[in-house]
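Remarks on the structure that follows.
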There are 2 protein chains.
Amino acid sequence: MKRKSDKPIKITEVCLRDGSHVVAHQYTEEQVRNVTRALDDAGMHYIEVSHGDGLGGSTLQYGRSLVDEMKLIEAAAQECKRSKLAVLVLPGIGTAAELKQARGLGASLVRVATHVTEADVSAQHISIARELGMETVGFLMMAHMAPVEKLVEQAKLMESYGAEAVYVTDSAGALLPHEVRERISALRESLDIEIGFHAHNNLSVAVANTLVAIEEGATRIDGSVRCLGAGAGNTQTEVLLAVLDRMGVNLGIDIYKMMDAAENVVGPLLPRPQDINRGSLVLGYAGVYSSFLLHAERAGKRYNVDPRDILIELGKRKVVGGQEDMILDVAAEMSKAQRLGV
Amino acid sequence: MKRKSDKPIKITEVCLRDGSHVVAHQYTEEQVRNVTRALDDAGMHYIEVSHGDGLGGSTLQYGRSLVDEMKLIEAAAQECKRSKLAVLVLPGIGTAAELKQARGLGASLVRVATHVTEADVSAQHISIARELGMETVGFLMMAHMAPVEKLVEQAKLMESYGAEAVYVTDSAGALLPHEVRERISALRESLDIEIGFHAHNNLSVAVANTLVAIEEGATRIDGSVRCLGAGAGNTQTEVLLAVLDRMGVNLGIDIYKMMDAAENVVGPLLPRPQDINRGSLVLGYAGVYSSFLLHAERAGKRYNVDPRDILIELGKRKVVGGQEDMILDVAAEMSKAQRLGV
């Protein structure tokens, strides 16, 4: 495999953070310990543990965690012999106090996440993370929503605040391989820091997108064992490792142990199969937040409009999280247009 | 999307044939009618109906069908208003008599399938199919096992026998995107007939491989709704259609209807989730037949060798179907080598 970076590739396993969405944030301490132990034993580089929406996400709005995430972070830290512990924080949800607490419990890397066009809100958190001596990574979510130049501009902002790496985060699983290629390539040419890539498998191209990202020079890669992440899940970690191995890229992570962790430790935690069903496919196809799905189904029923048409329209209008009330408006508009035969 | 062929792309849905493996060949007539009706209504081009191992496959060795496949073919033919009916035949298993019978019941396309290095056994079946006035397609299975030049040579043989298209059939789900590219590209340069591509998703790259195949000029593409095919399934049809649509390629198949068929008609038939588990991943990683999995697990237990090591060794030795007795030999050898510390 030809790579445009000679830096080592570092994997961050997100099943205990992105996967938290799938289990409705009901991870127990024992589950987190078992998964962490298995991943650490396989030699995983980083293991991310946080509420699905990052530190402080346990709220009525985002879903309450069964167990205080600080307890889960502490438990994971105790199980890590080789792996480093990562946390996610979204400015506006997670605070500096929570970041400090996580650091105190053993987190050594933080991803500071914003919408792809709102990097400016990450400045303070990035700065605090650096002061805390944490490895500090920017995370540009819903990356498919911004044109390439905008993405580059926002990544450069994060770099200027002190981020040591910036991720292209395909939250909606909407990017296709050629779109990943142009984004990673543009960042590679414009930044001096490492580039990361975080995929979702809603269009069944997460592994392929990740291969393209690595070819173009991304060195920070997210995966979720057994696809345990929101929607259809992320890049399936053990599959990616097997494919990279076949391409002559060995990351020092034991593939058999990862396969066993997937089958015996993570598999039994899945509340439903992480295959691609109609819901996850529509999210990727429309390019919208997974939280929109239920809203669109309700609005569709109320206004007699196909929820898929609503989601596709929301995708076109680039509606983002926090604008959920627009879903009813869009449905009402579409229903009216239908009646008028427009 | 840039394509190296200007011929229209034709999809063959294989969930009622490759998917027959997943349900242990227990399809009922009602199930076949319901699936066919949904696919036909969506505008699917071809629907393949046969035992998983092709016409005549209902045997003790390959697994007995619940319902005589001729009854299923007849039922499917009655439900097809727009779709054409396809069958699969492996010379040595299916006979000319069975092919004639299927033709009489309404099958208009046949894929004549051989191991990638054994195209010569397809001559008679291809010739008979042409005489029967059927659209006749060659199907080179386990395509990853032959070097590119060998694959081209075998495809040219099938062309010389009268095949109107030849498929690269990645039976083990072992090919990676760059390997698909070089294979389809080489065939495109050497053949005058259409090229096809049949994927399995064991390494999570079936959709990506199919996109590469289409770019390189493949125009005959297989998919299975909801991934209902052997191993981790095939290229998930409704996902492929959504992705192609996003790339500006419309095949005249209704994507919403395909999504609904996947969710409401095919989904309920799945005996287990078609996600990528340890078993299917190992098949793709080792590049071996799915039927080897159980044999390797038994041999591994008997000789105290990791079944994955056995499968990888079988892949290296290019062991094919019919050589199952080699599995015990390989396991015994490896066990001895382990004891001797070799």
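Chains: A, B, ... in order of the structure tokens. Residues: from 1 per chain. Ligands: from 1, in order shown.
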
**Study point:** Test item: residues at most 12 Å from Ala206 of chain B, only C-alpha atoms, excluding those fewer than 6 positions along its chain, as a ChimeraX atom specification
**Key:** /A:203-208 /B:169-177,180,197-200,212-213,221-224,227,229,231-237,239-240,276,284

Expected file contents, prior selection, N, CA, C and O atoms, as a compact mmCIF listing (two decimals), in the first residue's frame:
# COMPACT_ATOMS: atom_id res chain seq x y z
N LEU A 203 -23.40 3.74 4.22
CA LEU A 203 -23.40 3.44 2.79
C LEU A 203 -22.46 2.27 2.46
O LEU A 203 -22.10 2.06 1.30
N SER A 204 -22.05 1.55 3.50
CA SER A 204 -21.25 0.34 3.33
C SER A 204 -19.85 0.59 2.77
O SER A 204 -19.23 -0.31 2.22
N VAL A 205 -19.37 1.84 2.90
CA VAL A 205 -18.03 2.13 2.37
C VAL A 205 -17.07 2.62 3.45
O VAL A 205 -16.05 3.24 3.15
N ALA A 206 -17.35 2.32 4.73
CA ALA A 206 -16.49 2.82 5.81
C ALA A 206 -15.06 2.29 5.68
O ALA A 206 -14.10 3.05 5.78
N VAL A 207 -14.92 0.98 5.46
CA VAL A 207 -13.57 0.42 5.35
C VAL A 207 -12.87 0.98 4.10
O VAL A 207 -11.72 1.41 4.17
N ALA A 208 -13.60 1.03 2.99
CA ALA A 208 -12.99 1.54 1.74
C ALA A 208 -12.61 3.01 1.91
O ALA A 208 -11.53 3.44 1.47
N THR B 169 -15.89 -13.56 -10.26
CA THR B 169 -16.71 -13.95 -9.12
C THR B 169 -15.82 -14.14 -7.90
O THR B 169 -15.03 -15.08 -7.83
N ASP B 170 -15.95 -13.20 -6.97
CA ASP B 170 -15.10 -13.21 -5.78
C ASP B 170 -15.79 -14.02 -4.68
O ASP B 170 -16.24 -13.50 -3.67
N SER B 171 -15.82 -15.34 -4.91
CA SER B 171 -16.60 -16.24 -4.04
C SER B 171 -16.20 -16.16 -2.58
O SER B 171 -17.02 -16.35 -1.69
N ALA B 172 -14.92 -15.91 -2.32
CA ALA B 172 -14.43 -15.92 -0.94
C ALA B 172 -14.47 -14.52 -0.33
O ALA B 172 -14.13 -14.36 0.84
N GLY B 173 -14.90 -13.53 -1.09
CA GLY B 173 -14.88 -12.17 -0.56
C GLY B 173 -13.48 -11.76 -0.15
O GLY B 173 -13.26 -11.13 0.88
N ALA B 174 -12.50 -12.14 -0.96
CA ALA B 174 -11.10 -11.95 -0.60
C ALA B 174 -10.41 -10.85 -1.37
O ALA B 174 -9.31 -10.43 -1.02
N LEU B 175 -11.06 -10.37 -2.44
CA LEU B 175 -10.40 -9.36 -3.28
C LEU B 175 -10.49 -7.97 -2.62
O LEU B 175 -11.49 -7.60 -2.02
N LEU B 176 -9.43 -7.19 -2.79
CA LEU B 176 -9.41 -5.79 -2.33
C LEU B 176 -9.58 -4.88 -3.55
O LEU B 176 -9.37 -5.32 -4.69
N PRO B 177 -9.97 -3.62 -3.30
CA PRO B 177 -10.30 -2.76 -4.45
C PRO B 177 -9.22 -2.71 -5.54
O PRO B 177 -9.54 -2.80 -6.73
N VAL B 180 -9.42 -5.81 -7.64
CA VAL B 180 -10.57 -5.81 -8.56
C VAL B 180 -10.23 -4.93 -9.77
O VAL B 180 -10.50 -5.30 -10.92
N PHE B 197 -19.29 -8.57 -12.40
CA PHE B 197 -18.59 -8.67 -11.11
C PHE B 197 -19.57 -9.09 -10.02
O PHE B 197 -20.65 -8.52 -9.89
N HIS B 198 -19.14 -10.10 -9.27
CA HIS B 198 -19.94 -10.66 -8.17
C HIS B 198 -19.07 -10.64 -6.92
O HIS B 198 -17.99 -11.23 -6.90
N ALA B 199 -19.51 -9.91 -5.90
CA ALA B 199 -18.70 -9.72 -4.70
C ALA B 199 -19.28 -10.46 -3.50
O ALA B 199 -20.46 -10.81 -3.49
N HIS B 200 -18.43 -10.68 -2.50
CA HIS B 200 -18.90 -11.04 -1.16
C HIS B 200 -18.28 -10.04 -0.18
O HIS B 200 -17.18 -9.54 -0.40
N VAL B 212 -15.51 0.12 -8.11
CA VAL B 212 -14.28 0.04 -8.89
C VAL B 212 -14.53 -0.76 -10.17
O VAL B 212 -14.10 -0.37 -11.26
N ALA B 213 -15.23 -1.88 -10.03
CA ALA B 213 -15.52 -2.73 -11.20
C ALA B 213 -16.31 -1.94 -12.24
O ALA B 213 -16.01 -2.01 -13.44
N ILE B 221 -23.67 -6.65 -12.90
CA ILE B 221 -23.34 -6.53 -11.49
C ILE B 221 -24.33 -7.34 -10.65
O ILE B 221 -25.53 -7.25 -10.85
N ASP B 222 -23.78 -8.12 -9.71
CA ASP B 222 -24.63 -8.88 -8.80
C ASP B 222 -24.80 -8.15 -7.48
O ASP B 222 -23.86 -7.50 -6.99
N GLY B 223 -25.97 -8.31 -6.91
CA GLY B 223 -26.20 -7.78 -5.57
C GLY B 223 -27.16 -8.68 -4.84
O GLY B 223 -27.89 -9.46 -5.47
N SER B 224 -27.13 -8.61 -3.50
CA SER B 224 -28.16 -9.31 -2.73
C SER B 224 -28.80 -8.31 -1.78
O SER B 224 -28.10 -7.62 -1.03
N CYS B 227 -28.01 -8.01 1.93
CA CYS B 227 -26.80 -8.85 2.03
C CYS B 227 -27.12 -10.33 2.19
O CYS B 227 -26.32 -11.09 2.75
N GLY B 229 -26.70 -13.39 1.23
CA GLY B 229 -25.88 -14.29 0.44
C GLY B 229 -24.89 -14.99 1.36
O GLY B 229 -24.79 -14.64 2.54
N GLY B 231 -21.62 -16.33 3.45
CA GLY B 231 -20.65 -15.55 4.22
C GLY B 231 -21.32 -14.30 4.76
O GLY B 231 -22.43 -14.36 5.29
N ALA B 232 -20.66 -13.16 4.61
CA ALA B 232 -21.26 -11.90 5.06
C ALA B 232 -22.21 -11.34 4.00
O ALA B 232 -22.66 -10.20 4.10
N GLY B 233 -22.54 -12.14 3.00
CA GLY B 233 -23.44 -11.69 1.95
C GLY B 233 -22.68 -11.04 0.80
O GLY B 233 -21.45 -11.04 0.76
N ASN B 234 -23.45 -10.52 -0.16
CA ASN B 234 -22.86 -9.97 -1.38
C ASN B 234 -22.82 -8.45 -1.29
O ASN B 234 -22.82 -7.88 -0.21
N THR B 235 -22.77 -7.81 -2.44
CA THR B 235 -22.93 -6.36 -2.50
C THR B 235 -24.39 -6.07 -2.16
O THR B 235 -25.29 -6.55 -2.83
N GLN B 236 -24.62 -5.27 -1.10
CA GLN B 236 -26.00 -5.05 -0.65
C GLN B 236 -26.73 -4.21 -1.70
O GLN B 236 -26.43 -3.03 -1.89
N THR B 237 -27.68 -4.79 -2.39
CA THR B 237 -28.24 -4.18 -3.60
C THR B 237 -28.78 -2.78 -3.36
O THR B 237 -28.49 -1.85 -4.11
N VAL B 239 -28.15 -0.67 -1.10
CA VAL B 239 -27.09 0.28 -0.75
C VAL B 239 -26.34 0.69 -2.01
O VAL B 239 -26.09 1.89 -2.25
N LEU B 240 -26.01 -0.29 -2.84
CA LEU B 240 -25.32 0.01 -4.10
C LEU B 240 -26.14 0.99 -4.95
O LEU B 240 -25.61 1.96 -5.51
N ILE B 276 -20.68 -8.70 9.72
CA ILE B 276 -19.42 -9.43 9.52
C ILE B 276 -18.96 -9.98 10.87
O ILE B 276 -18.54 -9.23 11.74
N GLY B 284 -12.77 -14.32 4.27
CA GLY B 284 -12.22 -13.31 3.36
C GLY B 284 -10.73 -13.14 3.55
O GLY B 284 -9.97 -13.00 2.59

Please provide the set of residues having any atom within 6 Å of segment 64-78 of chain A, restricted to only C-alpha atoms, with same-chain residues fewer than 2 positions apart removed, written as a PDB file with all heavy atoms, in the first residue's frame.
ATOM      1  N   HIS A  25     -26.584   4.476  26.054  1.00  0.00           N
ATOM      2  CA  HIS A  25     -25.757   4.957  27.163  1.00  0.00           C
ATOM      3  C   HIS A  25     -25.946   4.137  28.434  1.00  0.00           C
ATOM      4  O   HIS A  25     -25.798   4.655  29.541  1.00  0.00           O
ATOM      5  CB  HIS A  25     -26.021   6.440  27.415  1.00  0.00           C
ATOM      6  CG  HIS A  25     -26.096   7.246  26.143  1.00  0.00           C
ATOM      7  ND1 HIS A  25     -25.020   7.440  25.314  1.00  0.00           N
ATOM      8  CD2 HIS A  25     -27.147   7.836  25.523  1.00  0.00           C
ATOM      9  CE1 HIS A  25     -25.393   8.132  24.251  1.00  0.00           C
ATOM     10  NE2 HIS A  25     -26.673   8.387  24.341  1.00  0.00           N
ATOM     11  N   GLN A  26     -26.217   2.842  28.252  1.00  0.00           N
ATOM     12  CA  GLN A  26     -26.469   1.979  29.418  1.00  0.00           C
ATOM     13  C   GLN A  26     -25.286   1.054  29.732  1.00  0.00           C
ATOM     14  O   GLN A  26     -25.454   0.010  30.348  1.00  0.00           O
ATOM     15  CB  GLN A  26     -27.743   1.139  29.188  1.00  0.00           C
ATOM     16  CG  GLN A  26     -28.991   1.948  28.932  1.00  0.00           C
ATOM     17  CD  GLN A  26     -29.323   2.886  30.093  1.00  0.00           C
ATOM     18  OE1 GLN A  26     -29.610   2.435  31.188  1.00  0.00           O
ATOM     19  NE2 GLN A  26     -29.217   4.194  29.863  1.00  0.00           N
ATOM     20  N   GLU A  29     -20.203  -0.751  34.403  1.00  0.00           N
ATOM     21  CA  GLU A  29     -18.766  -0.689  34.685  1.00  0.00           C
ATOM     22  C   GLU A  29     -18.101  -2.007  34.281  1.00  0.00           C
ATOM     23  O   GLU A  29     -17.006  -2.006  33.720  1.00  0.00           O
ATOM     24  CB  GLU A  29     -18.552  -0.410  36.170  1.00  0.00           C
ATOM     25  CG  GLU A  29     -17.100  -0.128  36.488  1.00  0.00           C
ATOM     26  CD  GLU A  29     -16.869   0.140  37.976  1.00  0.00           C
ATOM     27  OE1 GLU A  29     -17.676   0.866  38.586  1.00  0.00           O
ATOM     28  OE2 GLU A  29     -15.877  -0.394  38.501  1.00  0.00           O
ATOM     29  N   ARG A  33     -15.046  -2.518  31.648  1.00  0.00           N
ATOM     30  CA  ARG A  33     -13.793  -3.191  32.065  1.00  0.00           C
ATOM     31  C   ARG A  33     -13.469  -4.363  31.129  1.00  0.00           C
ATOM     32  O   ARG A  33     -12.338  -4.519  30.678  1.00  0.00           O
ATOM     33  CB  ARG A  33     -13.927  -3.729  33.491  1.00  0.00           C
ATOM     34  CG  ARG A  33     -13.762  -2.666  34.551  1.00  0.00           C
ATOM     35  CD  ARG A  33     -13.691  -3.292  35.957  1.00  0.00           C
ATOM     36  NE  ARG A  33     -13.731  -2.244  36.965  1.00  0.00           N
ATOM     37  CZ  ARG A  33     -12.650  -1.583  37.384  1.00  0.00           C
ATOM     38  NH1 ARG A  33     -11.451  -1.882  36.904  1.00  0.00           N
ATOM     39  NH2 ARG A  33     -12.759  -0.610  38.288  1.00  0.00           N
ATOM     40  N   THR A  36     -12.435  -3.056  27.631  1.00  0.00           N
ATOM     41  CA  THR A  36     -11.125  -2.400  27.702  1.00  0.00           C
ATOM     42  C   THR A  36     -10.009  -3.421  27.873  1.00  0.00           C
ATOM     43  O   THR A  36      -8.970  -3.343  27.201  1.00  0.00           O
ATOM     44  CB  THR A  36     -11.090  -1.397  28.870  1.00  0.00           C
ATOM     45  OG1 THR A  36     -12.160  -0.474  28.726  1.00  0.00           O
ATOM     46  CG2 THR A  36      -9.771  -0.642  28.894  1.00  0.00           C
ATOM     47  N   VAL A  49     -13.486   6.521  25.837  1.00  0.00           N
ATOM     48  CA  VAL A  49     -14.592   6.254  26.765  1.00  0.00           C
ATOM     49  C   VAL A  49     -15.228   7.591  27.135  1.00  0.00           C
ATOM     50  O   VAL A  49     -14.563   8.479  27.684  1.00  0.00           O
ATOM     51  CB  VAL A  49     -14.092   5.537  28.049  1.00  0.00           C
ATOM     52  CG1 VAL A  49     -15.264   5.284  29.010  1.00  0.00           C
ATOM     53  CG2 VAL A  49     -13.383   4.233  27.715  1.00  0.00           C
ATOM     54  N   SER A  50     -16.480   7.761  26.800  1.00  0.00           N
ATOM     55  CA  SER A  50     -17.259   8.957  27.157  1.00  0.00           C
ATOM     56  C   SER A  50     -18.708   8.625  26.848  1.00  0.00           C
ATOM     57  O   SER A  50     -18.993   7.635  26.172  1.00  0.00           O
ATOM     58  CB  SER A  50     -16.900  10.199  26.308  1.00  0.00           C
ATOM     59  OG  SER A  50     -15.529  10.491  26.307  1.00  0.00           O
ATOM     60  N   SER A  58     -24.513  13.190  29.472  1.00  0.00           N
ATOM     61  CA  SER A  58     -25.603  12.496  30.182  1.00  0.00           C
ATOM     62  C   SER A  58     -26.640  13.493  30.691  1.00  0.00           C
ATOM     63  O   SER A  58     -26.557  13.995  31.811  1.00  0.00           O
ATOM     64  CB  SER A  58     -25.030  11.691  31.357  1.00  0.00           C
ATOM     65  OG  SER A  58     -26.082  11.089  32.086  1.00  0.00           O
ATOM     66  N   THR A  59     -27.605  13.787  29.826  1.00  0.00           N
ATOM     67  CA  THR A  59     -28.640  14.773  30.131  1.00  0.00           C
ATOM     68  C   THR A  59     -29.953  14.219  29.594  1.00  0.00           C
ATOM     69  O   THR A  59     -29.963  13.247  28.840  1.00  0.00           O
ATOM     70  CB  THR A  59     -28.356  16.103  29.398  1.00  0.00           C
ATOM     71  OG1 THR A  59     -28.257  15.808  27.994  1.00  0.00           O
ATOM     72  CG2 THR A  59     -27.066  16.746  29.877  1.00  0.00           C
ATOM     73  N   LEU A  60     -31.030  14.875  29.960  1.00  0.00           N
ATOM     74  CA  LEU A  60     -32.331  14.473  29.405  1.00  0.00           C
ATOM     75  C   LEU A  60     -32.297  14.581  27.888  1.00  0.00           C
ATOM     76  O   LEU A  60     -32.813  13.741  27.160  1.00  0.00           O
ATOM     77  CB  LEU A  60     -33.439  15.367  29.962  1.00  0.00           C
ATOM     78  CG  LEU A  60     -34.195  14.795  31.163  1.00  0.00           C
ATOM     79  CD1 LEU A  60     -35.334  15.723  31.550  1.00  0.00           C
ATOM     80  CD2 LEU A  60     -34.751  13.386  30.841  1.00  0.00           C
ATOM     81  N   CYS A  80      -6.202  -0.393  31.543  1.00  0.00           N
ATOM     82  CA  CYS A  80      -5.251  -0.116  30.445  1.00  0.00           C
ATOM     83  C   CYS A  80      -3.817  -0.365  30.887  1.00  0.00           C
ATOM     84  O   CYS A  80      -3.294   0.365  31.728  1.00  0.00           O
ATOM     85  CB  CYS A  80      -5.386   1.337  29.973  1.00  0.00           C
ATOM     86  SG  CYS A  80      -6.801   1.615  28.903  1.00  0.00           S
ATOM     87  N   LEU A 105      -8.283  11.248  36.042  1.00  0.00           N
ATOM     88  CA  LEU A 105      -8.602   9.816  36.141  1.00  0.00           C
ATOM     89  C   LEU A 105      -7.774   8.968  35.175  1.00  0.00           C
ATOM     90  O   LEU A 105      -7.845   7.744  35.202  1.00  0.00           O
ATOM     91  CB  LEU A 105     -10.097   9.592  35.874  1.00  0.00           C
ATOM     92  CG  LEU A 105     -11.050  10.184  36.929  1.00  0.00           C
ATOM     93  CD1 LEU A 105     -12.498  10.101  36.465  1.00  0.00           C
ATOM     94  CD2 LEU A 105     -10.879   9.478  38.274  1.00  0.00           C
ATOM     95  N   GLY A 106      -7.025   9.627  34.290  1.00  0.00           N
ATOM     96  CA  GLY A 106      -6.133   8.844  33.439  1.00  0.00           C
ATOM     97  C   GLY A 106      -6.294   9.052  31.941  1.00  0.00           C
ATOM     98  O   GLY A 106      -5.586   8.431  31.148  1.00  0.00           O
TER      99      GLY A 106
END

Exercise for review: Mind checking which residues fall within 8 Å of Asp275 of chain A, counting only C-alpha atoms, ignoring those fewer than 6 positions away in the same chain, and posting them as a VMD selection string?
Suggested key: (chain A and resid 232) or (chain B and resid 273 to 275)

**Study point:** Atom pair atom CA of Ile310 of chain A / atom CA of Val330 of chain A: separation (Å)
**Key:** 6.7 Å

Among segment 199-333 of chain B, which residues carry a DSSP assignment of helix (DSSP H, G or I), reported as a compact mmCIF listing (two decimals) with C-alpha atoms, in the first residue's frame?
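Contents of out.txt, freshly written:
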# COMPACT_ATOMS: atom_id res chain seq x y z
CA ALA B 206 -18.17 -5.41 -1.54
CA VAL B 207 -19.79 -2.07 -2.43
CA ALA B 208 -16.42 -0.37 -2.92
CA ASN B 209 -15.15 -3.24 -5.08
CA THR B 210 -18.31 -3.03 -7.17
CA LEU B 211 -17.83 0.71 -7.70
CA VAL B 212 -14.28 0.04 -8.89
CA ALA B 213 -15.52 -2.73 -11.20
CA ILE B 214 -18.11 -0.38 -12.72
CA GLU B 215 -15.53 2.37 -13.21
CA VAL B 225 -30.86 -7.36 -0.98
CA ARG B 226 -30.09 -7.00 2.72
CA CYS B 227 -26.80 -8.85 2.03
CA THR B 237 -28.24 -4.18 -3.60
CA GLU B 238 -30.26 -1.33 -2.13
CA VAL B 239 -27.09 0.28 -0.75
CA LEU B 240 -25.32 0.01 -4.10
CA LEU B 241 -28.28 1.63 -5.85
CA ALA B 242 -28.32 4.50 -3.34
CA VAL B 243 -24.58 5.05 -3.76
CA LEU B 244 -24.77 4.93 -7.57
CA ASP B 245 -27.66 7.40 -7.46
CA ARG B 246 -25.50 9.75 -5.34
CA ILE B 255 -34.56 2.79 -4.70
CA TYR B 256 -37.34 3.36 -2.16
CA LYS B 257 -39.09 0.17 -3.25
CA MET B 258 -35.80 -1.71 -2.94
CA MET B 259 -35.29 -0.28 0.57
CA ASP B 260 -38.81 -1.38 1.49
CA ALA B 261 -38.26 -4.85 0.03
CA ALA B 262 -35.06 -5.11 2.09
CA GLU B 263 -36.80 -4.03 5.28
CA ASN B 264 -40.20 -5.69 4.98
CA VAL B 265 -39.85 -8.68 2.67
CA VAL B 266 -36.26 -9.91 2.80
CA GLY B 267 -35.28 -8.74 6.32
CA PRO B 268 -37.75 -11.09 8.04
CA LEU B 269 -36.24 -14.07 6.16
CA ARG B 278 -15.41 -13.73 13.03
CA GLY B 279 -16.31 -16.59 10.70
CA SER B 280 -17.05 -14.52 7.61
CA LEU B 281 -14.06 -12.25 8.25
CA VAL B 282 -11.70 -15.23 8.44
CA LEU B 283 -13.05 -16.57 5.13
CA GLY B 284 -12.22 -13.31 3.36
CA TYR B 285 -8.90 -12.94 5.15
CA ALA B 286 -7.79 -16.49 4.32
CA PHE B 292 -14.17 -25.04 4.96
CA LEU B 293 -15.06 -23.14 8.12
CA LEU B 294 -16.77 -25.95 9.99
CA HIS B 295 -14.19 -28.51 8.84
CA ALA B 296 -11.35 -26.28 10.07
CA GLU B 297 -13.03 -25.80 13.43
CA ARG B 298 -13.34 -29.56 13.87
CA ALA B 299 -9.78 -30.21 12.71
CA GLY B 300 -8.51 -27.43 14.96
CA LYS B 301 -10.16 -28.98 18.00
CA ARG B 302 -8.81 -32.44 17.15
CA TYR B 303 -5.22 -31.28 16.62
CA PRO B 307 -8.71 -23.01 12.99
CA ARG B 308 -7.75 -19.61 11.54
CA ASP B 309 -4.18 -20.78 11.04
CA ILE B 310 -5.52 -23.84 9.25
CA LEU B 311 -7.72 -21.74 6.96
CA ILE B 312 -4.90 -19.33 6.16
CA GLU B 313 -2.63 -22.25 5.29
CA LEU B 314 -5.38 -23.74 3.08
CA GLY B 315 -5.70 -20.36 1.36
CA LYS B 316 -1.95 -20.24 0.75
CA ASP B 325 -9.83 -34.20 3.28
CA MET B 326 -6.73 -32.00 2.99
CA ILE B 327 -8.01 -29.98 5.92
CA LEU B 328 -7.23 -32.75 8.40
CA ASP B 329 -3.85 -33.35 6.78
CA VAL B 330 -2.94 -29.67 7.06
CA ALA B 331 -4.09 -29.55 10.68
CA ALA B 332 -2.06 -32.65 11.54
CA GLU B 333 1.02 -31.20 9.87

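Using only C-alpha atoms for every distance, the candidate list B:Lys10, B:Val319, B:Gln31, B:Ala42 yields B:Lys10 as the residue closest to Ala165 of chain B.
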
Exercise for review: Can you list, as a ChimeraX atom specification, all residues belonging to segment 39-260 of chain A that DSSP tags as strand (DSSP E or B)?
Suggested key: /A:46-48,59,63,84-89,91,94,107-115,135-141,165-169,194-198,220-224,236

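Across B:Arg183, B:His125, B:His115, B:Lys318, the tightest approach to Val148 of chain B is made by B:Arg183 when counting only C-alpha atoms.
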
With only C-alpha atoms as the counted atoms, please give the residues lying no more than 9 Å from Ile193 of chain A, apart from itself and same-chain residues fewer than 4 positions off, as a PDB file with N, CA, C and O atoms, in the first residue's frame.
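Result written to out-v1.pdb:
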ATOM      1  N   GLU A 159      -5.880  23.937  14.042  1.00  0.00           N
ATOM      2  CA  GLU A 159      -4.418  23.855  14.123  1.00  0.00           C
ATOM      3  C   GLU A 159      -3.862  25.104  14.828  1.00  0.00           C
ATOM      4  O   GLU A 159      -2.998  25.013  15.697  1.00  0.00           O
ATOM      5  N   ALA A 163      -4.332  22.368  18.170  1.00  0.00           N
ATOM      6  CA  ALA A 163      -4.628  20.954  17.938  1.00  0.00           C
ATOM      7  C   ALA A 163      -3.423  20.272  17.300  1.00  0.00           C
ATOM      8  O   ALA A 163      -2.753  20.857  16.436  1.00  0.00           O
ATOM      9  N   GLU A 164      -3.148  19.036  17.720  1.00  0.00           N
ATOM     10  CA  GLU A 164      -1.997  18.308  17.182  1.00  0.00           C
ATOM     11  C   GLU A 164      -2.402  17.372  16.051  1.00  0.00           C
ATOM     12  O   GLU A 164      -1.559  16.746  15.405  1.00  0.00           O
ATOM     13  N   ALA A 165      -3.690  17.282  15.821  1.00  0.00           N
ATOM     14  CA  ALA A 165      -4.240  16.505  14.710  1.00  0.00           C
ATOM     15  C   ALA A 165      -5.659  17.004  14.474  1.00  0.00           C
ATOM     16  O   ALA A 165      -6.275  17.559  15.389  1.00  0.00           O
ATOM     17  N   VAL A 166      -6.152  16.871  13.245  1.00  0.00           N
ATOM     18  CA  VAL A 166      -7.553  17.212  12.967  1.00  0.00           C
ATOM     19  C   VAL A 166      -8.202  16.076  12.197  1.00  0.00           C
ATOM     20  O   VAL A 166      -7.624  15.558  11.238  1.00  0.00           O
ATOM     21  N   ARG A 188      -4.022  17.463   3.768  1.00  0.00           N
ATOM     22  CA  ARG A 188      -2.612  17.064   3.774  1.00  0.00           C
ATOM     23  C   ARG A 188      -1.738  18.185   3.192  1.00  0.00           C
ATOM     24  O   ARG A 188      -0.639  18.458   3.670  1.00  0.00           O
TER      25      ARG A 188
END

Exercise for review: Would you please work out which residue, of B:Ala218, B:Ala186, B:Leu132, B:Met141, is nearest to Gly321 of chain B when using only C-alpha atoms?
Suggested key: B:Met141

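Each of A:Ala97, A:Ala146, A:Leu109, A:Leu140 was compared to Ile47 of chain A using only C-alpha atoms, and A:Leu109 turns out to be the nearest.
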
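By only C-alpha atoms, and with residues fewer than 5 positions from Gly94 of chain B along its chain excluded, the set lying at most 9 Å from it is B:Asp53, B:Gly54, B:Leu55, B:Gly56, B:Gly57, B:Leu88, B:Val89, B:Leu99.
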